[in-house]
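Text of input.tsv, listed as TSV, C-alpha atoms and all ligand atoms:
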```tsv
chain	number	residue	atom	x	y	z
F	28	MET	CA	114.70	102.56	99.41
F	29	THR	CA	114.94	99.93	96.71
F	30	GLN	CA	115.51	100.51	93.01
F	31	GLY	CA	113.87	98.31	90.44
F	32	PRO	CA	113.32	97.92	86.71
F	33	PRO	CA	112.24	101.01	84.70
F	34	LEU	CA	108.54	101.75	85.21
F	35	VAL	CA	105.94	103.04	82.74
F	36	CYS	CA	104.78	105.49	85.40
F	37	PRO	CA	107.41	105.82	88.13
F	38	PRO	CA	106.27	107.45	91.38
F	39	PHE	CA	107.49	111.03	91.78
F	40	LEU	CA	108.62	110.34	95.39
F	41	ARG	CA	111.35	108.10	96.80
F	42	TRP	CA	110.14	106.15	99.81
F	43	ALA	CA	111.88	104.04	102.44
F	44	GLY	CA	110.19	100.67	102.28
F	45	SER	CA	108.90	101.20	98.74
F	46	LYS	CA	107.86	97.91	97.15
F	47	ARG	CA	109.20	98.71	93.72
F	48	ARG	CA	111.14	95.44	93.50
F	49	LEU	CA	108.03	93.48	94.33
F	50	LEU	CA	105.94	95.10	91.61
F	51	PRO	CA	105.93	92.15	89.17
F	52	VAL	CA	104.43	89.93	91.88
F	53	LEU	CA	102.09	92.57	93.33
F	54	GLN	CA	100.72	93.67	89.96
F	55	SER	CA	99.50	90.14	89.25
F	56	PHE	CA	96.83	90.45	91.98
F	57	TRP	CA	94.98	93.22	90.09
F	58	THR	CA	92.55	91.52	87.68
F	59	ALA	CA	89.55	92.51	85.52
F	60	LYS	CA	87.17	91.69	88.39
F	61	HIS	CA	88.55	94.58	90.48
F	62	LYS	CA	86.75	97.91	90.17
F	63	ARG	CA	88.71	100.04	92.64
F	64	TYR	CA	92.16	100.04	94.24
F	65	ILE	CA	92.61	100.93	97.93
F	66	GLU	CA	95.98	101.58	99.60
F	67	PRO	CA	95.85	102.71	103.26
F	68	PHE	CA	99.66	102.90	103.72
F	69	ALA	CA	100.34	104.74	100.47
F	70	GLY	CA	103.90	106.14	100.83
F	71	SER	CA	105.14	106.65	97.26
F	72	ALA	CA	102.19	104.51	96.02
F	73	CYS	CA	104.39	102.77	93.45
F	74	LEU	CA	101.85	99.96	92.90
F	75	PHE	CA	99.03	102.48	92.33
F	76	PHE	CA	101.08	104.37	89.71
F	77	ALA	CA	102.09	101.10	88.02
F	78	LEU	CA	98.52	99.73	87.88
F	79	ASN	CA	96.68	102.88	86.80
F	80	PRO	CA	93.35	101.61	88.23
F	81	PRO	CA	90.09	103.30	87.12
F	82	LYS	CA	89.35	104.43	90.70
F	83	ALA	CA	91.42	104.50	93.87
F	84	VAL	CA	91.54	105.57	97.50
F	85	LEU	CA	95.02	106.41	98.84
F	86	GLY	CA	95.55	106.99	102.55
F	87	ASP	CA	98.48	107.67	104.84
F	88	LEU	CA	99.10	108.96	108.35
F	89	ASN	CA	101.63	111.48	107.01
F	90	PRO	CA	99.77	114.80	106.54
F	91	GLU	CA	102.48	116.40	104.36
F	92	LEU	CA	102.43	113.42	102.01
F	93	VAL	CA	98.65	113.47	101.57
F	94	ALA	CA	98.62	117.27	101.10
F	95	THR	CA	101.32	116.85	98.41
F	96	TYR	CA	99.23	114.30	96.51
F	97	ARG	CA	96.28	116.72	96.56
F	98	GLU	CA	98.45	119.55	95.21
F	99	VAL	CA	100.00	117.42	92.47
F	100	LYS	CA	96.50	116.26	91.48
F	101	TYR	CA	94.74	119.65	91.45
F	102	ARG	CA	97.43	122.35	91.10
F	103	LEU	CA	100.42	120.74	89.38
F	104	SER	CA	101.45	123.85	87.44
F	105	ALA	CA	101.72	125.88	90.68
F	106	VAL	CA	103.83	123.11	92.28
F	107	LEU	CA	106.10	122.90	89.21
F	108	ALA	CA	106.48	126.71	89.18
F	109	GLU	CA	107.74	126.51	92.78
F	110	LEU	CA	110.06	123.57	92.03
F	111	HIS	CA	111.58	125.38	89.03
F	112	LYS	CA	112.65	128.24	91.34
F	113	ILE	CA	114.80	125.95	93.52
F	114	PRO	CA	118.35	124.93	92.47
F	115	LYS	CA	118.49	121.13	92.29
F	116	ASN	CA	120.64	118.96	94.56
F	117	ASP	CA	121.86	121.91	96.63
F	118	ALA	CA	122.77	121.30	100.29
F	119	ALA	CA	122.26	124.95	101.36
F	120	GLU	CA	118.84	125.10	99.68
F	121	TYR	CA	117.91	121.77	101.27
F	122	LYS	CA	118.78	123.07	104.74
F	123	ARG	CA	116.92	126.35	104.13
F	124	LEU	CA	113.77	124.49	103.08
F	125	ARG	CA	114.07	121.96	105.88
F	126	SER	CA	114.19	124.74	108.49
F	127	THR	CA	111.24	126.62	106.95
F	128	ALA	CA	107.98	125.79	108.75
F	129	PRO	CA	105.46	124.39	106.23
F	130	LYS	CA	102.70	126.36	108.01
F	131	GLU	CA	104.31	129.60	106.78
F	132	MET	CA	104.08	128.49	103.13
F	133	SER	CA	101.34	128.39	100.51
F	134	ALA	CA	99.95	124.93	99.66
F	135	SER	CA	101.97	124.71	96.43
F	136	GLU	CA	105.20	125.91	98.12
F	137	ARG	CA	104.60	123.34	100.81
F	138	ALA	CA	104.20	120.52	98.29
F	139	ALA	CA	107.34	121.66	96.42
F	140	ARG	CA	109.23	121.70	99.74
F	141	PHE	CA	108.07	118.17	100.55
F	142	ILE	CA	109.07	116.84	97.11
F	143	TYR	CA	112.46	118.59	97.19
F	144	LEU	CA	113.33	117.29	100.67
F	145	ASN	CA	112.12	113.82	99.72
F	146	ARG	CA	114.24	113.70	96.56
F	147	TYR	CA	117.49	114.76	98.23
F	148	CYS	CA	117.20	113.38	101.75
F	149	PHE	CA	119.07	110.35	103.00
F	150	ASN	CA	117.50	107.26	101.45
F	151	GLY	CA	113.95	108.60	100.98
F	152	ILE	CA	113.32	108.48	104.71
F	153	TYR	CA	110.57	110.57	106.29
F	154	ARG	CA	111.38	111.24	109.93
F	155	THR	CA	110.42	114.10	112.19
F	156	ASN	CA	111.53	115.17	115.66
F	157	LEU	CA	109.08	115.30	118.53
F	158	LEU	CA	108.03	118.81	117.45
F	159	GLY	CA	107.01	117.36	114.08
F	160	GLN	CA	109.93	119.01	112.22
F	161	PHE	CA	111.49	117.03	109.37
F	162	ASN	CA	115.06	116.20	110.42
F	163	VAL	CA	116.54	113.82	107.83
F	164	PRO	CA	120.04	114.87	106.63
F	165	PHE	CA	120.85	115.94	103.07
F	166	SER	CA	122.18	113.11	100.92
F	167	GLY	CA	122.48	114.44	97.37
F	168	GLN	CA	123.90	111.05	96.34
F	169	ARG	CA	122.14	107.99	94.92
F	170	CYS	CA	118.93	110.04	94.84
F	171	GLY	CA	118.19	109.24	91.19
F	172	SER	CA	117.43	112.01	88.75
F	173	PHE	CA	114.83	114.61	89.73
F	174	PRO	CA	111.49	113.71	88.07
F	175	THR	CA	110.86	115.56	84.82
F	176	ASP	CA	107.77	117.73	84.33
F	177	GLN	CA	106.46	114.89	82.12
F	178	VAL	CA	106.72	112.40	84.99
F	179	PHE	CA	104.85	114.83	87.26
F	180	ALA	CA	102.21	115.36	84.57
F	181	GLN	CA	101.70	111.61	84.14
F	182	CYS	CA	101.42	111.11	87.91
F	183	SER	CA	98.99	114.03	88.15
F	184	ARG	CA	96.78	112.44	85.48
F	185	ARG	CA	96.80	109.11	87.34
F	186	LEU	CA	95.97	110.89	90.61
F	187	ARG	CA	92.79	112.31	88.97
F	188	ASP	CA	91.21	108.90	89.53
F	189	ALA	CA	92.16	108.85	93.22
F	190	THR	CA	90.70	110.28	96.39
F	191	PHE	CA	92.88	110.80	99.46
F	192	VAL	CA	92.47	110.15	103.14
F	193	HIS	CA	94.76	111.53	105.78
F	194	GLY	CA	94.77	109.36	108.88
F	195	ASP	CA	95.01	105.92	110.36
F	196	PHE	CA	94.58	102.91	108.07
F	197	GLU	CA	91.24	101.99	109.67
F	198	LYS	CA	89.71	105.19	108.26
F	199	VAL	CA	90.53	103.92	104.76
F	200	LEU	CA	89.59	100.28	105.32
F	201	GLU	CA	86.10	101.34	106.50
F	202	LYS	CA	85.48	102.44	102.89
F	203	ALA	CA	86.32	99.04	101.33
F	204	VAL	CA	83.56	97.02	99.61
F	205	PRO	CA	83.50	93.80	97.54
F	206	GLY	CA	85.02	94.49	94.10
F	207	ASP	CA	87.88	96.51	95.62
F	208	LEU	CA	91.48	95.32	95.81
F	209	VAL	CA	93.07	96.48	99.07
F	210	TYR	CA	96.88	96.57	99.14
F	211	MET	CA	98.41	96.99	102.62
F	212	ASP	CA	102.12	97.69	103.09
F	213	PRO	CA	102.50	98.74	106.73
F	214	PRO	CA	105.75	99.96	108.29
F	215	PHE	CA	107.90	97.58	110.33
F	216	ALA	CA	106.48	97.31	113.82
F	217	VAL	CA	108.79	98.41	116.65
F	218	ARG	CA	109.34	94.87	117.85
F	219	ALA	CA	110.55	93.76	114.42
F	220	ARG	CA	114.28	93.29	113.93
F	221	ARG	CA	116.46	96.25	112.86
F	222	VAL	CA	113.80	98.81	113.46
F	223	PHE	CA	114.49	102.32	112.25
F	224	ARG	CA	112.10	105.15	113.16
F	225	GLN	CA	111.86	106.27	109.60
F	226	TYR	CA	108.24	107.19	109.07
F	227	HIS	CA	106.65	109.33	111.76
F	228	PRO	CA	106.86	109.79	115.54
F	229	SER	CA	103.66	107.76	115.90
F	230	THR	CA	105.53	104.55	115.13
F	231	PHE	CA	103.72	101.37	114.17
F	232	THR	CA	103.60	98.99	117.13
F	233	HIS	CA	102.77	95.38	117.83
F	234	GLU	CA	99.27	96.55	118.86
F	235	ASP	CA	98.86	98.00	115.36
F	236	ILE	CA	99.84	94.61	113.90
F	237	LYS	CA	97.01	93.05	115.92
F	238	ARG	CA	94.56	95.71	114.66
F	239	LEU	CA	95.72	95.02	111.11
F	240	ARG	CA	95.27	91.29	111.59
F	241	GLY	CA	91.71	91.94	112.83
F	242	TRP	CA	90.99	93.97	109.70
F	243	MET	CA	92.36	91.23	107.43
F	244	GLU	CA	89.89	88.83	109.05
F	245	GLN	CA	87.02	91.30	108.59
F	246	LEU	CA	87.90	91.91	104.95
F	247	ALA	CA	88.08	88.17	104.30
F	248	LYS	CA	84.68	87.67	105.96
F	249	LYS	CA	83.17	90.38	103.73
F	250	ARG	CA	84.82	88.78	100.65
F	251	ILE	CA	86.88	91.89	99.98
F	252	ALA	CA	90.15	91.08	98.19
F	253	PHE	CA	93.36	92.10	99.95
F	254	VAL	CA	97.12	91.74	99.62
F	255	VAL	CA	99.55	92.45	102.49
F	256	SER	CA	103.34	92.66	102.17
F	257	TYR	CA	105.56	92.45	105.22
F	258	ALA	CA	109.22	91.61	105.94
F	259	GLU	CA	109.64	88.02	107.17
F	260	SER	CA	109.48	88.32	110.97
F	261	ASP	CA	107.43	87.30	114.02
F	262	GLU	CA	104.91	89.98	113.00
F	263	ALA	CA	104.60	88.45	109.52
F	264	ASP	CA	103.84	85.12	111.21
F	265	VAL	CA	100.95	86.77	113.09
F	266	LEU	CA	99.61	88.29	109.87
F	267	LYS	CA	99.90	85.25	107.62
F	268	GLN	CA	98.41	82.61	109.92
F	269	GLY	CA	95.48	80.89	108.17
F	270	PHE	CA	95.87	82.88	104.92
F	271	ASP	CA	97.58	81.94	101.66
F	272	TYR	CA	101.03	83.50	101.34
F	273	GLN	CA	104.23	83.36	99.34
F	274	THR	CA	107.76	84.40	100.31
F	275	VAL	CA	109.80	86.47	97.86
F	276	SER	CA	113.49	87.48	98.16
F	277	VAL	CA	114.28	91.17	97.63
F	278	ARG	CA	117.53	93.08	97.75
F	279	ARG	CA	117.35	96.12	100.02
F	280	ASN	CA	119.42	98.49	102.13
F	281	ILE	CA	118.72	97.86	105.79
F	282	ALA	CA	118.21	101.26	107.44
F	283	GLY	CA	119.62	102.85	104.30
F	284	PHE	CA	123.24	101.74	104.71
F	285	VAL	CA	124.80	100.38	101.55
F	286	ALA	CA	127.17	98.26	103.65
F	287	SER	CA	124.09	96.48	104.99
F	288	ARG	CA	122.60	95.85	101.54
F	289	THR	CA	121.29	92.33	101.70
F	290	LEU	CA	118.73	89.87	100.46
F	291	THR	CA	115.66	89.84	102.68
F	292	ASN	CA	112.50	87.82	102.49
F	293	GLU	CA	109.20	89.55	102.03
F	294	VAL	CA	105.99	87.70	102.81
F	295	ILE	CA	103.02	88.40	100.55
F	296	ILE	CA	99.70	87.40	102.08
F	297	ALA	CA	96.52	87.43	100.01
F	298	ASN	CA	92.96	86.18	100.00
F	299	CYS	CA	92.49	86.51	96.23
X	301	LIG	C1	106.24	100.86	104.01
X	301	LIG	S1	105.57	102.45	103.80
X	301	LIG	C2	104.57	102.21	102.37
X	301	LIG	C3	105.40	102.20	101.12
X	301	LIG	C4	104.58	102.12	99.86
X	301	LIG	N1	104.03	100.81	99.64
X	301	LIG	C5	105.41	102.54	98.65
X	301	LIG	O1	105.36	101.87	97.62
X	301	LIG	O2	106.11	103.55	98.74
X	301	LIG	C6	104.40	102.59	105.10
X	301	LIG	C7	103.57	103.88	105.12
X	301	LIG	O3	102.60	103.76	106.18
X	301	LIG	C8	102.38	105.05	106.74
X	301	LIG	N2	101.79	104.81	108.09
X	301	LIG	C9	102.42	104.55	109.27
X	301	LIG	N3	101.51	104.28	110.25
X	301	LIG	C10	100.29	104.37	109.67
X	301	LIG	C11	98.95	104.19	110.15
X	301	LIG	N4	98.70	103.86	111.42
X	301	LIG	N5	97.93	104.36	109.29
X	301	LIG	C12	98.18	104.72	107.99
X	301	LIG	N6	99.43	104.90	107.47
X	301	LIG	C13	100.46	104.72	108.30
X	301	LIG	C14	103.74	105.71	106.72
X	301	LIG	O4	103.60	107.12	106.74
X	301	LIG	C15	104.33	105.17	105.40
X	301	LIG	O5	104.12	106.08	104.34
```

Just give me the structure as structure tokens.
Amino acid sequence: MTQGPPLVCPPFLRWAGSKRRLLPVLQSFWTAKHKRYIEPFAGSACLFFALNPPKAVLGDLNPELVATYREVKYRLSAVLAELHKIPKNDAAEYKRLRSTAPKEMSASERAARFIYLNRYCFNGIYRTNLLGQFNVPFSGQRCGSFPTDQVFAQCSRRLRDATFVHGDFEKVLEKAVPGDLVYMDPPFAVRARRVFRQYHPSTFTHEDIKRLRGWMEQLAKKRIAFVVSYAESDEADVLKQGFDYQTVSVRRNIAGFVASRTLTNEVIIANC
């Protein structure tokens, strides 16, 4: 994950691949002509929280993530009550929660579990084994401070203006209409360099890049504004062809290893 300047409304999750460092550039695409914000690869949704749009649709393939957003939106006090019971930054507690099946928990316990594991796992990575069990090791270091109740309350208020979709990005893009701003930040595709299976067993593939490219063309045809960010790579070349783009340098940890912290180029493609 990448750190960035202090934010007015920081996201309450850490997320591998978060675009926090790109926020100054990304925020400039939201203008008065946009009525609704759509993000089909939401992750920690740092751009959504920074923009505070009047209406939004947030989607992601990760069911635990989407369920957590719903809980923080509708039942924040129950989630906070669960979080207050758990000792912070505690390896034994982390392992206990990680080995507890979310299905055996109430919705608010489940959201608290997700947030706790996210805050203290290695580098904000979400990765499951083939049985769908979260298996990222405890880190406890460089995790930042645990969000305060005020940060959760602010995020909860901003989430009031959002609806959520669990599923593939196409399910979200079908909802887009002119007047929306669609921000797409897909995972690295498996053919991209230095791939790390950090999101979900159903990894993003080169076929998904082609589907995304097809959707960018459809959105452009319908005059729906979009922005795509993607690490400079062969896949970025496929996505940017024929569209306006800019290349921005960002400092990030490749696969979470500090020793591999480096400057990488991010391509930002937009039709607005
Ligand atoms: C690079 S992260 C997004 C990071 C986000 N911009 C942020 O600020 O934290 C990509 C996200 O896409 C999700 N994802 C992966 N495949 C997907 C798919 N086919 N449809 C929708 N979401 C998907 C992952 O679960 C992950 O949260």

### Query
For Thr274 in chain F, which of F:Val52, F:Arg123, F:Pro67, F:Trp242 is the closest residue, counting all atoms listed in the file?
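When distances to Thr274 in chain F are compared using all atoms listed in the file, the smallest one comes from F:Val52.
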
### Task
Write out as a ChimeraX atom specification the residues lying within 12 Å of Ser172 in chain F, counting all atoms listed in the file and excluding same-chain residues fewer than 2 positions away.
/F:37,39-41,115-116,143,146-147,167-170,174-175,178

## Note on the structure
From atom C11 of ligand LIG 301 (chain X) to CA of Leu246 in chain F the spacing works out at 17.3 Å

### Query
Using all atoms listed in the file, which protein or nucleic acid residues are at most 8 Å from ligand LIG 301 (chain X), as JSON, numbers by chain?
{"F": [40, 41, 42, 43, 44, 45, 46, 47, 67, 68, 69, 70, 71, 72, 73, 74, 86, 87, 88, 89, 92, 153, 193, 194, 195, 196, 197, 211, 212, 213, 214, 215, 226, 227, 229, 230, 231, 235]}

### Message
Report, in Å to a single decimal, how far apart CA of Thr155 in chain F and CA of Glu91 in chain F are.
### Response
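Computed distance, CA of Glu91 in chain F to CA of Thr155 in chain F, equals 11.4 Å.
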
### Query
Pick the closest to Pro51 in chain F from F:Val277, F:Glu234, F:Leu103, F:Phe179: which is it, counting only C-alpha atoms?
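Among the listed residues, F:Val277 lies closest to Pro51 in chain F.
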
Once 3 Å is added on each side, what centre and edge lengths in Å to one decimal does the axis-aligned box around all listed atoms of range 159-165 of chain F have, as AutoDock Vina command-line options?
```
--center_x 113.9 --center_y 116.4 --center_z 108.6 --size_x 19.8 --size_y 11.2 --size_z 17.0
```

### Task
Go through F:Arg97, F:Arg240, F:Arg185, F:His233 and flag the residue nearest Gln268 in chain F, using only C-alpha atoms for the distances.
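Ranked by minimum distance to Gln268 in chain F, first place goes to F:Arg240.
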
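Atom pair CA of Asp207 in chain F / CA of Tyr272 in chain F: separated by 19.4 Å.
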
### Query
Taking (100.5, 92.4, 96.0) in the file's coordinates, which residues come within 12 Å, counting all atoms listed in the file, written as a count of residues only?
43

### Task
Within 9 Å of Leu186 in chain F, counting only C-alpha atoms, which residues show up once you throw out same-chain ones fewer than 2 positions away? Write them as a list in words, please.
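Returned residues: Phe76, Asn79, Ala83, Tyr96, Arg97, Val99, Lys100, Tyr101, Gln181, Cys182, Ser183, Arg184, Asp188, Ala189 and Thr190 of chain F.
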
### Query
From the list F:Glu262, F:Glu136, F:Glu120, F:Asp271, which residue is nearest Val217 in chain F when using all atoms listed in the file?
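Smallest separation from Val217 in chain F among the options: F:Glu262.
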
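Across F:Phe149, F:Phe165, F:Phe173, F:Phe191, the tightest approach to Pro90 in chain F is made by F:Phe191 when counting only C-alpha atoms.
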
### Summary
Between F:Ala258, F:Arg63, F:Arg137, F:Tyr121, smallest distance to Leu85 in chain F by all atoms listed in the file belongs to F:Arg63
